[in-house]
>>> print(open('run-v9.pdb').read())   # PDB, C-alpha atoms, pLDDT in the B column
MODEL        1
ATOM      1  CA  MET N   4      84.877  80.875  93.899  1.00 59.00           C
ATOM      2  CA  ASP N   5      86.741  79.516  90.903  1.00 62.00           C
ATOM      3  CA  LYS N   6      83.578  77.749  89.737  1.00 65.00           C
ATOM      4  CA  TYR N   7      81.586  80.948  90.069  1.00 60.00           C
ATOM      5  CA  ILE N   8      84.038  82.921  87.895  1.00 61.00           C
ATOM      6  CA  ARG N   9      83.974  80.212  85.200  1.00 61.00           C
ATOM      7  CA  HIS N  10      80.158  80.197  85.302  1.00 61.00           C
ATOM      8  CA  VAL N  11      80.039  84.005  84.909  1.00 56.00           C
ATOM      9  CA  LYS N  12      82.516  83.821  81.968  1.00 59.00           C
ATOM     10  CA  ASP N  13      80.320  81.189  80.289  1.00 55.00           C
ATOM     11  CA  LYS N  14      77.319  83.494  80.596  1.00 58.00           C
ATOM     12  CA  GLU N  15      79.209  86.410  79.001  1.00 64.00           C
ATOM     13  CA  ARG N  16      79.808  84.551  75.748  1.00 71.00           C
ATOM     14  CA  GLY N  17      76.423  85.631  74.272  1.00 81.00           C
ATOM     15  CA  PHE N  18      73.006  84.319  73.411  1.00 84.00           C
ATOM     16  CA  THR N  19      72.191  80.797  72.404  1.00 89.00           C
ATOM     17  CA  LEU N  20      70.813  80.046  68.951  1.00 88.00           C
ATOM     18  CA  LEU N  21      67.401  79.276  70.427  1.00 89.00           C
ATOM     19  CA  GLU N  22      67.263  82.639  72.196  1.00 88.00           C
ATOM     20  CA  MET N  23      68.145  84.434  68.945  1.00 89.00           C
ATOM     21  CA  VAL N  24      65.494  82.571  66.919  1.00 91.00           C
ATOM     22  CA  VAL N  25      62.775  83.243  69.504  1.00 91.00           C
ATOM     23  CA  THR N  26      63.715  86.947  69.659  1.00 90.00           C
ATOM     24  CA  ILE N  27      63.749  87.348  65.860  1.00 92.00           C
ATOM     25  CA  ALA N  28      60.408  85.516  65.528  1.00 92.00           C
ATOM     26  CA  GLY N  29      58.862  87.712  68.237  1.00 91.00           C
ATOM     27  CA  LEU N  30      60.093  90.914  66.582  1.00 90.00           C
ATOM     28  CA  GLY N  31      58.814  89.620  63.224  1.00 91.00           C
ATOM     29  CA  VAL N  32      55.330  89.035  64.605  1.00 90.00           C
ATOM     30  CA  ILE N  33      55.297  92.488  66.206  1.00 91.00           C
ATOM     31  CA  GLY N  34      56.512  94.067  62.957  1.00 87.00           C
ATOM     32  CA  ILE N  35      53.870  92.331  60.854  1.00 89.00           C
ATOM     33  CA  THR N  36      51.131  93.331  63.296  1.00 87.00           C
ATOM     34  CA  VAL N  37      52.177  96.994  63.297  1.00 86.00           C
ATOM     35  CA  THR N  38      52.439  97.031  59.479  1.00 84.00           C
ATOM     36  CA  THR N  39      48.990  95.479  59.081  1.00 83.00           C
ATOM     37  CA  ILE N  40      47.437  98.026  61.423  1.00 82.00           C
ATOM     38  CA  LEU N  41      49.073 100.923  59.564  1.00 81.00           C
ATOM     39  CA  VAL N  42      48.049  99.647  56.116  1.00 79.00           C
ATOM     40  CA  ASN N  43      44.435  99.099  57.190  1.00 74.00           C
ATOM     41  CA  THR N  44      44.280 102.555  58.740  1.00 72.00           C
ATOM     42  CA  LEU N  45      45.587 104.179  55.558  1.00 70.00           C
ATOM     43  CA  ARG N  46      43.142 102.183  53.405  1.00 69.00           C
ATOM     44  CA  GLY N  47      40.214 103.257  55.560  1.00 67.00           C
ATOM     45  CA  SER N  48      41.324 106.861  55.369  1.00 67.00           C
ATOM     46  CA  SER N  49      41.649 106.650  51.583  1.00 72.00           C
ATOM     47  CA  LYS N  50      38.166 105.152  51.184  1.00 76.00           C
ATOM     48  CA  SER N  51      36.706 107.822  53.459  1.00 79.00           C
ATOM     49  CA  THR N  52      38.319 110.545  51.338  1.00 81.00           C
ATOM     50  CA  ILE N  53      36.867 109.021  48.157  1.00 79.00           C
ATOM     51  CA  VAL N  54      33.348 108.787  49.600  1.00 85.00           C
ATOM     52  CA  ASN N  55      33.554 112.404  50.807  1.00 86.00           C
ATOM     53  CA  SER N  56      34.637 113.563  47.337  1.00 86.00           C
ATOM     54  CA  VAL N  57      31.721 111.759  45.677  1.00 88.00           C
ATOM     55  CA  ARG N  58      29.252 113.055  48.283  1.00 90.00           C
ATOM     56  CA  THR N  59      30.489 116.650  47.935  1.00 91.00           C
ATOM     57  CA  ASN N  60      30.138 116.547  44.144  1.00 90.00           C
ATOM     58  CA  GLY N  61      26.638 115.088  44.316  1.00 91.00           C
ATOM     59  CA  GLU N  62      25.405 117.556  46.915  1.00 93.00           C
ATOM     60  CA  TYR N  63      26.805 120.471  44.915  1.00 92.00           C
ATOM     61  CA  ALA N  64      25.096 119.335  41.693  1.00 92.00           C
ATOM     62  CA  LEU N  65      21.773 118.774  43.483  1.00 93.00           C
ATOM     63  CA  GLU N  66      21.935 122.183  45.162  1.00 93.00           C
ATOM     64  CA  GLN N  67      22.662 123.996  41.889  1.00 92.00           C
ATOM     65  CA  MET N  68      19.821 122.273  40.040  1.00 93.00           C
ATOM     66  CA  THR N  69      17.341 122.587  42.919  1.00 93.00           C
ATOM     67  CA  ARG N  70      17.914 126.302  43.341  1.00 91.00           C
ATOM     68  CA  THR N  71      17.334 127.169  39.683  1.00 91.00           C
ATOM     69  CA  ILE N  72      14.483 124.705  39.039  1.00 92.00           C
ATOM     70  CA  ARG N  73      12.493 125.814  42.111  1.00 92.00           C
ATOM     71  CA  TYR N  74      12.195 129.376  40.793  1.00 90.00           C
ATOM     72  CA  GLY N  75      11.818 128.473  37.124  1.00 90.00           C
ATOM     73  CA  THR N  76       8.902 130.119  35.320  1.00 89.00           C
ATOM     74  CA  ILE N  77       8.325 127.956  32.216  1.00 88.00           C
ATOM     75  CA  LEU N  78       8.980 124.231  31.826  1.00 86.00           C
ATOM     76  CA  THR N  79       9.896 123.624  28.178  1.00 87.00           C
ATOM     77  CA  SER N  80      11.059 119.991  28.304  1.00 84.00           C
ATOM     78  CA  PRO N  81       9.399 117.776  29.323  1.00 81.00           C
ATOM     79  CA  ALA N  82       6.286 119.638  28.255  1.00 77.00           C
ATOM     80  CA  LEU N  83       3.357 120.267  30.570  1.00 76.00           C
ATOM     81  CA  PRO N  84       1.173 118.574  31.667  1.00 79.00           C
ATOM     82  CA  CYS N  85       3.425 116.032  33.335  1.00 80.00           C
ATOM     83  CA  PRO N  86       4.221 113.232  32.751  1.00 72.00           C
ATOM     84  CA  SER N  87       4.828 113.928  29.092  1.00 59.00           C
ATOM     85  CA  SER N  88       7.468 111.255  28.513  1.00 57.00           C
ATOM     86  CA  PRO N  89       6.493 107.715  27.524  1.00 61.00           C
ATOM     87  CA  PRO N  90       6.310 105.246  30.432  1.00 65.00           C
ATOM     88  CA  GLY N  91       9.523 103.354  31.131  1.00 67.00           C
ATOM     89  CA  SER N  92      11.850 105.914  29.605  1.00 74.00           C
ATOM     90  CA  PRO N  93      12.431 108.801  32.013  1.00 79.00           C
ATOM     91  CA  PRO N  94      14.199 111.694  30.332  1.00 86.00           C
ATOM     92  CA  THR N  95      17.885 112.320  30.951  1.00 88.00           C
ATOM     93  CA  SER N  96      17.495 116.052  30.358  1.00 89.00           C
ATOM     94  CA  MET N  97      15.165 118.896  31.163  1.00 90.00           C
ATOM     95  CA  ALA N  98      14.834 122.488  29.975  1.00 91.00           C
ATOM     96  CA  PHE N  99      13.094 125.444  31.552  1.00 92.00           C
ATOM     97  CA  VAL N 100      13.174 129.217  31.744  1.00 91.00           C
ATOM     98  CA  ALA N 101      14.774 130.605  34.898  1.00 90.00           C
ATOM     99  CA  SER N 102      13.297 133.419  36.968  1.00 88.00           C
ATOM    100  CA  ASP N 103      15.564 135.926  35.186  1.00 90.00           C
ATOM    101  CA  GLY N 104      14.219 134.826  31.772  1.00 90.00           C
ATOM    102  CA  SER N 105      17.269 132.832  30.685  1.00 92.00           C
ATOM    103  CA  PRO N 106      16.777 129.346  29.259  1.00 94.00           C
ATOM    104  CA  ILE N 107      18.542 126.575  31.212  1.00 94.00           C
ATOM    105  CA  THR N 108      19.057 122.948  30.235  1.00 93.00           C
ATOM    106  CA  TYR N 109      20.282 120.190  32.533  1.00 94.00           C
ATOM    107  CA  SER N 110      21.339 116.927  30.940  1.00 92.00           C
ATOM    108  CA  CYS N 111      23.094 113.684  31.760  1.00 89.00           C
ATOM    109  CA  SER N 112      25.642 112.563  29.203  1.00 87.00           C
ATOM    110  CA  SER N 113      29.153 111.174  28.935  1.00 82.00           C
ATOM    111  CA  GLY N 114      29.339 110.349  32.637  1.00 86.00           C
ATOM    112  CA  THR N 115      28.512 113.830  33.891  1.00 89.00           C
ATOM    113  CA  ILE N 116      25.644 116.226  34.593  1.00 91.00           C
ATOM    114  CA  ASN N 117      25.748 119.234  32.316  1.00 91.00           C
ATOM    115  CA  SER N 118      24.296 122.705  32.625  1.00 92.00           C
ATOM    116  CA  GLN N 119      23.751 125.080  29.729  1.00 92.00           C
ATOM    117  CA  GLU N 120      22.495 128.616  30.299  1.00 92.00           C
ATOM    118  CA  ASN N 121      21.419 131.122  27.624  1.00 89.00           C
ATOM    119  CA  ASN N 122      22.500 128.683  24.886  1.00 86.00           C
ATOM    120  CA  GLY N 123      26.077 129.296  26.042  1.00 90.00           C
ATOM    121  CA  PRO N 124      28.799 126.732  26.614  1.00 93.00           C
ATOM    122  CA  VAL N 125      27.894 123.429  28.237  1.00 92.00           C
ATOM    123  CA  GLN N 126      29.437 123.151  31.700  1.00 92.00           C
ATOM    124  CA  SER N 127      29.678 120.135  33.957  1.00 90.00           C
ATOM    125  CA  LEU N 128      28.252 120.400  37.466  1.00 89.00           C
ATOM    126  CA  LEU N 129      30.688 117.688  38.592  1.00 89.00           C
ATOM    127  CA  ASP N 130      34.439 117.533  39.042  1.00 86.00           C
ATOM    128  CA  THR N 131      34.886 115.185  36.085  1.00 84.00           C
ATOM    129  CA  SER N 132      38.486 114.449  37.005  1.00 85.00           C
ATOM    130  CA  ASN N 133      37.288 112.667  40.177  1.00 83.00           C
ATOM    131  CA  VAL N 134      33.698 111.461  39.755  1.00 88.00           C
ATOM    132  CA  LYS N 135      31.281 110.301  37.068  1.00 89.00           C
ATOM    133  CA  THR N 136      27.633 109.404  36.831  1.00 88.00           C
ATOM    134  CA  SER N 137      26.882 105.728  37.046  1.00 80.00           C
ATOM    135  CA  THR N 138      23.953 103.976  35.379  1.00 78.00           C
ATOM    136  CA  THR N 139      21.151 106.179  36.709  1.00 82.00           C
ATOM    137  CA  CYS N 140      20.574 109.807  35.842  1.00 88.00           C
ATOM    138  CA  LYS N 141      17.050 111.061  35.186  1.00 90.00           C
ATOM    139  CA  PHE N 142      14.607 113.933  35.513  1.00 91.00           C
ATOM    140  CA  VAL N 143      10.983 112.925  36.131  1.00 90.00           C
ATOM    141  CA  CYS N 144       8.114 115.398  36.039  1.00 89.00           C
ATOM    142  CA  THR N 145       4.842 114.723  37.900  1.00 89.00           C
ATOM    143  CA  GLN N 146       1.694 116.703  38.641  1.00 87.00           C
ATOM    144  CA  THR N 147      -1.235 115.833  40.876  1.00 84.00           C
ATOM    145  CA  ASP N 148      -3.583 117.596  38.423  1.00 84.00           C
ATOM    146  CA  ILE N 149      -3.285 119.892  35.424  1.00 83.00           C
ATOM    147  CA  ASN N 150      -3.526 123.041  37.591  1.00 85.00           C
ATOM    148  CA  SER N 151      -0.917 122.049  40.168  1.00 87.00           C
ATOM    149  CA  SER N 152       2.737 123.023  40.070  1.00 88.00           C
ATOM    150  CA  PRO N 153       4.960 120.412  38.452  1.00 90.00           C
ATOM    151  CA  ILE N 154       7.262 118.413  40.702  1.00 91.00           C
ATOM    152  CA  ILE N 155      10.635 117.586  39.185  1.00 92.00           C
ATOM    153  CA  THR N 156      12.367 114.552  40.681  1.00 92.00           C
ATOM    154  CA  ILE N 157      16.105 114.511  40.053  1.00 93.00           C
ATOM    155  CA  SER N 158      17.891 111.212  40.572  1.00 92.00           C
ATOM    156  CA  PHE N 159      21.444 110.166  39.764  1.00 93.00           C
ATOM    157  CA  ASP N 160      24.199 107.835  40.938  1.00 91.00           C
ATOM    158  CA  LEU N 161      27.813 108.939  41.293  1.00 91.00           C
ATOM    159  CA  VAL N 162      30.987 106.874  41.587  1.00 89.00           C
ATOM    160  CA  GLN N 163      34.660 107.690  41.883  1.00 86.00           C
ATOM    161  CA  LYS N 164      36.463 107.541  38.575  1.00 81.00           C
ATOM    162  CA  ALA N 165      38.636 104.418  38.546  1.00 69.00           C
ATOM    163  CA  THR N 166      42.231 105.506  39.080  1.00 58.00           C
ATOM    164  CA  SER N 167      43.401 102.294  40.706  1.00 57.00           C
ATOM    165  CA  SER N 168      42.512  98.618  40.886  1.00 55.00           C
ATOM    166  CA  LEU N 169      43.008  98.550  44.661  1.00 56.00           C
ATOM    167  CA  ALA N 170      39.943  97.467  46.600  1.00 50.00           C
ATOM    168  CA  GLU N 171      39.941 100.540  48.836  1.00 50.00           C
ATOM    169  CA  LYS N 172      39.866 102.808  45.792  1.00 52.00           C
ATOM    170  CA  SER N 173      36.660 101.291  44.391  1.00 58.00           C
ATOM    171  CA  THR N 174      33.345 102.451  45.772  1.00 67.00           C
ATOM    172  CA  THR N 175      29.748 101.501  45.260  1.00 81.00           C
ATOM    173  CA  PRO N 176      27.624 104.203  43.645  1.00 87.00           C
ATOM    174  CA  LEU N 177      26.087 106.829  45.916  1.00 89.00           C
ATOM    175  CA  THR N 178      22.505 107.710  44.968  1.00 91.00           C
ATOM    176  CA  PHE N 179      21.302 111.302  45.070  1.00 93.00           C
ATOM    177  CA  THR N 180      17.590 112.065  44.791  1.00 93.00           C
ATOM    178  CA  THR N 181      15.441 115.086  45.450  1.00 94.00           C
ATOM    179  CA  SER N 182      12.086 116.470  44.375  1.00 94.00           C
ATOM    180  CA  VAL N 183      11.607 120.134  43.543  1.00 93.00           C
ATOM    181  CA  VAL N 184       8.310 121.966  43.185  1.00 92.00           C
ATOM    182  CA  MET N 185       8.451 124.619  40.463  1.00 90.00           C
ATOM    183  CA  GLN N 186       6.919 127.427  42.519  1.00 86.00           C
ATOM    184  CA  ASN N 187       6.812 130.210  39.907  1.00 82.00           C
ATOM    185  CA  ILE N 188       5.537 128.235  36.943  1.00 78.00           C
ATOM    186  CA  HIS N 189       3.409 130.165  34.416  1.00 64.00           C
ATOM    187  CA  ARG N 190       0.384 128.225  33.267  1.00 54.00           C
TER     188      ARG N 190
ENDMDL
END
>>> encode(input="run-v9.pdb", output="structure tokens")
Amino acid sequence: MDKYIRHVKDKERGFTLLEMVVTIAGLGVIGITVTTILVNTLRGSSKSTIVNSVRTNGEYALEQMTRTIRYGTILTSPALPCPSSPPGSPPTSMAFVASDGSPITYSCSSGTINSQENNGPVQSLLDTSNVKTSTTCKFVCTQTDINSSPIITISFDLVQKATSSLAEKSTTPLTFTTSVVMQNIHR
């Protein structure tokens, strides 16, 4: 019995150095794994938010332009018949008369897509604090023949404005393209 009591007292002294090192290493590995999972989840969420912001801006700009161009009555620039621009240099602006008689100009400049109505102030169709146009922004006019309605193809690339050098904050450009038939054009 005396041996048993001494053996129990020896066990009560604490952990050995090896047990402590193994425990600390195990907790370290678990901690690093949990941290890595959390960081990657937050990065993915951040990138998803950025892509959604760019997509929302692009869809809004396309919708605004499509709605007014579709019901435009006179195409003033580029001039009819289409294509009136020299090959290889698609225009970065277009002007037309809206269904209510007001002149409207859409243009790509300084990293944004601008709208000007009734020769009033130029307004951006994009949230310029978050997104900007990339290398491509053009308006191309085509017609199957001189008597057909012109088809305006709008194409532009948008990217998130660089606010950080982190990889998850940088995105590749999203391309937005649509074609609009000017239904009410006066010939």
>>> closest_residue(input="run-v9.pdb", among="N:Leu45, N:Val24, N:Val183, N:Val100", to="Val143 of chain N", atoms="all atoms listed in the file")
N:Val183
>>> closest_residue(input="run-v9.pdb", among="N:Ser137, N:Thr180, N:Thr156, N:Thr108", to="Val125 of chain N", atoms="all atoms listed in the file")
N:Thr108
>>> resolve_selection(input="run-v9.pdb", expression="the PyMOL selection byres ((chain N and resi 68) around 12)", output="JSON, numbers by chain")
{"N": [61, 62, 63, 64, 65, 66, 67, 69, 70, 71, 72, 73, 74, 75, 96, 97, 98, 99, 101, 107, 108, 109, 110, 116, 117, 118, 119, 120, 127, 128, 129, 142, 155, 156, 157, 158, 180, 181, 182, 183, 184, 185]}
>>> closest_residue(input="run-v9.pdb", among="N:Glu22, N:Asp103, N:Asp160, N:Asp130", to="Ser56 of chain N", atoms="all atoms listed in the file")
N:Asp130
>>> residues_around(input="run-v9.pdb", residues="Thr138 of chain N", least_positions_apart="5", cutoff="12 Å", atoms="all atoms listed in the file", output="VMD selection string")
chain N and resid 95 111 to 115 158 to 162 175 to 178
>>> closest_residue(input="run-v9.pdb", among="N:Pro84, N:Val134, N:Ser102, N:Asn122", to="Ile149 of chain N", atoms="only C-alpha atoms")
N:Pro84
>>> atom_distance(input="run-v9.pdb", atom1="atom CA of Gly123 of chain N", atom2="atom CA of Gly104 of chain N")
14.3 Å
>>> closest_residue(input="run-v9.pdb", among="N:Thr139, N:Ser151, N:Thr19, N:Ser105", to="Thr76 of chain N", atoms="all atoms listed in the file")
N:Ser105
>>> atom_distance(input="run-v9.pdb", atom1="atom CA of Asn150 of chain N", atom2="atom CA of Phe179 of chain N")
28.5 Å
>>> decode(input="run-v9.pdb", residues="segment 115-178 of chain N", atoms="C-alpha atoms", output="PDB file, in the first residue's frame")
ATOM      1  CA  THR N 115     -17.151  56.575 -66.100  1.00  0.00           C
ATOM      2  CA  ILE N 116     -20.239  56.555 -68.318  1.00  0.00           C
ATOM      3  CA  ASN N 117     -21.876  59.953 -68.463  1.00  0.00           C
ATOM      4  CA  SER N 118     -25.390  61.046 -69.304  1.00  0.00           C
ATOM      5  CA  GLN N 119     -26.371  64.557 -70.323  1.00  0.00           C
ATOM      6  CA  GLU N 120     -30.004  65.492 -70.895  1.00  0.00           C
ATOM      7  CA  ASN N 121     -31.322  68.774 -72.340  1.00  0.00           C
ATOM      8  CA  ASN N 122     -27.772  70.190 -72.397  1.00  0.00           C
ATOM      9  CA  GLY N 123     -27.922  70.158 -68.592  1.00  0.00           C
ATOM     10  CA  PRO N 124     -25.261  68.973 -66.178  1.00  0.00           C
ATOM     11  CA  VAL N 125     -23.286  65.849 -67.016  1.00  0.00           C
ATOM     12  CA  GLN N 126     -24.132  63.025 -64.615  1.00  0.00           C
ATOM     13  CA  SER N 127     -22.395  59.706 -64.149  1.00  0.00           C
ATOM     14  CA  LEU N 128     -24.460  56.537 -64.488  1.00  0.00           C
ATOM     15  CA  LEU N 129     -21.974  54.751 -62.210  1.00  0.00           C
ATOM     16  CA  ASP N 130     -21.112  54.998 -58.537  1.00  0.00           C
ATOM     17  CA  THR N 131     -17.704  56.526 -59.246  1.00  0.00           C
ATOM     18  CA  SER N 132     -16.571  56.068 -55.661  1.00  0.00           C
ATOM     19  CA  ASN N 133     -16.651  52.268 -56.145  1.00  0.00           C
ATOM     20  CA  VAL N 134     -16.297  51.387 -59.836  1.00  0.00           C
ATOM     21  CA  LYS N 135     -14.739  52.699 -63.038  1.00  0.00           C
ATOM     22  CA  THR N 136     -14.748  51.792 -66.691  1.00  0.00           C
ATOM     23  CA  SER N 137     -11.814  49.735 -67.826  1.00  0.00           C
ATOM     24  CA  THR N 138     -10.296  49.793 -71.307  1.00  0.00           C
ATOM     25  CA  THR N 139     -13.466  49.154 -73.312  1.00  0.00           C
ATOM     26  CA  CYS N 140     -16.406  51.500 -73.629  1.00  0.00           C
ATOM     27  CA  LYS N 141     -18.084  51.989 -77.000  1.00  0.00           C
ATOM     28  CA  PHE N 142     -21.325  52.597 -78.857  1.00  0.00           C
ATOM     29  CA  VAL N 143     -21.593  50.905 -82.262  1.00  0.00           C
ATOM     30  CA  CYS N 144     -24.413  51.607 -84.694  1.00  0.00           C
ATOM     31  CA  THR N 145     -25.411  49.066 -87.373  1.00  0.00           C
ATOM     32  CA  GLN N 146     -28.222  48.765 -89.901  1.00  0.00           C
ATOM     33  CA  THR N 147     -29.123  45.875 -92.174  1.00  0.00           C
ATOM     34  CA  ASP N 148     -30.198  48.376 -94.864  1.00  0.00           C
ATOM     35  CA  ILE N 149     -30.860  52.097 -95.120  1.00  0.00           C
ATOM     36  CA  ASN N 150     -34.583  51.666 -94.331  1.00  0.00           C
ATOM     37  CA  SER N 151     -34.170  49.471 -91.258  1.00  0.00           C
ATOM     38  CA  SER N 152     -34.085  50.705 -87.683  1.00  0.00           C
ATOM     39  CA  PRO N 153     -30.579  51.290 -86.362  1.00  0.00           C
ATOM     40  CA  ILE N 154     -29.223  48.846 -83.804  1.00  0.00           C
ATOM     41  CA  ILE N 155     -27.037  50.401 -81.129  1.00  0.00           C
ATOM     42  CA  THR N 156     -24.598  48.011 -79.459  1.00  0.00           C
ATOM     43  CA  ILE N 157     -23.384  49.240 -76.086  1.00  0.00           C
ATOM     44  CA  SER N 158     -20.288  47.577 -74.673  1.00  0.00           C
ATOM     45  CA  PHE N 159     -18.166  48.453 -71.657  1.00  0.00           C
ATOM     46  CA  ASP N 160     -15.955  46.864 -69.013  1.00  0.00           C
ATOM     47  CA  LEU N 161     -16.184  47.762 -65.331  1.00  0.00           C
ATOM     48  CA  VAL N 162     -13.732  47.136 -62.501  1.00  0.00           C
ATOM     49  CA  GLN N 163     -13.671  47.959 -58.817  1.00  0.00           C
ATOM     50  CA  LYS N 164     -11.701  51.080 -58.048  1.00  0.00           C
ATOM     51  CA  ALA N 165      -8.433  50.047 -56.398  1.00  0.00           C
ATOM     52  CA  THR N 166      -8.730  50.778 -52.688  1.00  0.00           C
ATOM     53  CA  SER N 167      -6.329  48.086 -51.539  1.00  0.00           C
ATOM     54  CA  SER N 168      -3.415  46.032 -52.814  1.00  0.00           C
ATOM     55  CA  LEU N 169      -4.831  42.841 -51.295  1.00  0.00           C
ATOM     56  CA  ALA N 170      -5.454  40.081 -53.808  1.00  0.00           C
ATOM     57  CA  GLU N 171      -9.082  39.599 -52.783  1.00  0.00           C
ATOM     58  CA  LYS N 172      -9.793  43.276 -53.410  1.00  0.00           C
ATOM     59  CA  SER N 173      -8.659  43.164 -57.050  1.00  0.00           C
ATOM     60  CA  THR N 174     -11.066  41.893 -59.664  1.00  0.00           C
ATOM     61  CA  THR N 175     -10.900  41.208 -63.353  1.00  0.00           C
ATOM     62  CA  PRO N 176     -13.093  43.470 -65.472  1.00  0.00           C
ATOM     63  CA  LEU N 177     -16.721  42.458 -65.955  1.00  0.00           C
ATOM     64  CA  THR N 178     -17.964  43.012 -69.512  1.00  0.00           C
TER      65      THR N 178
END
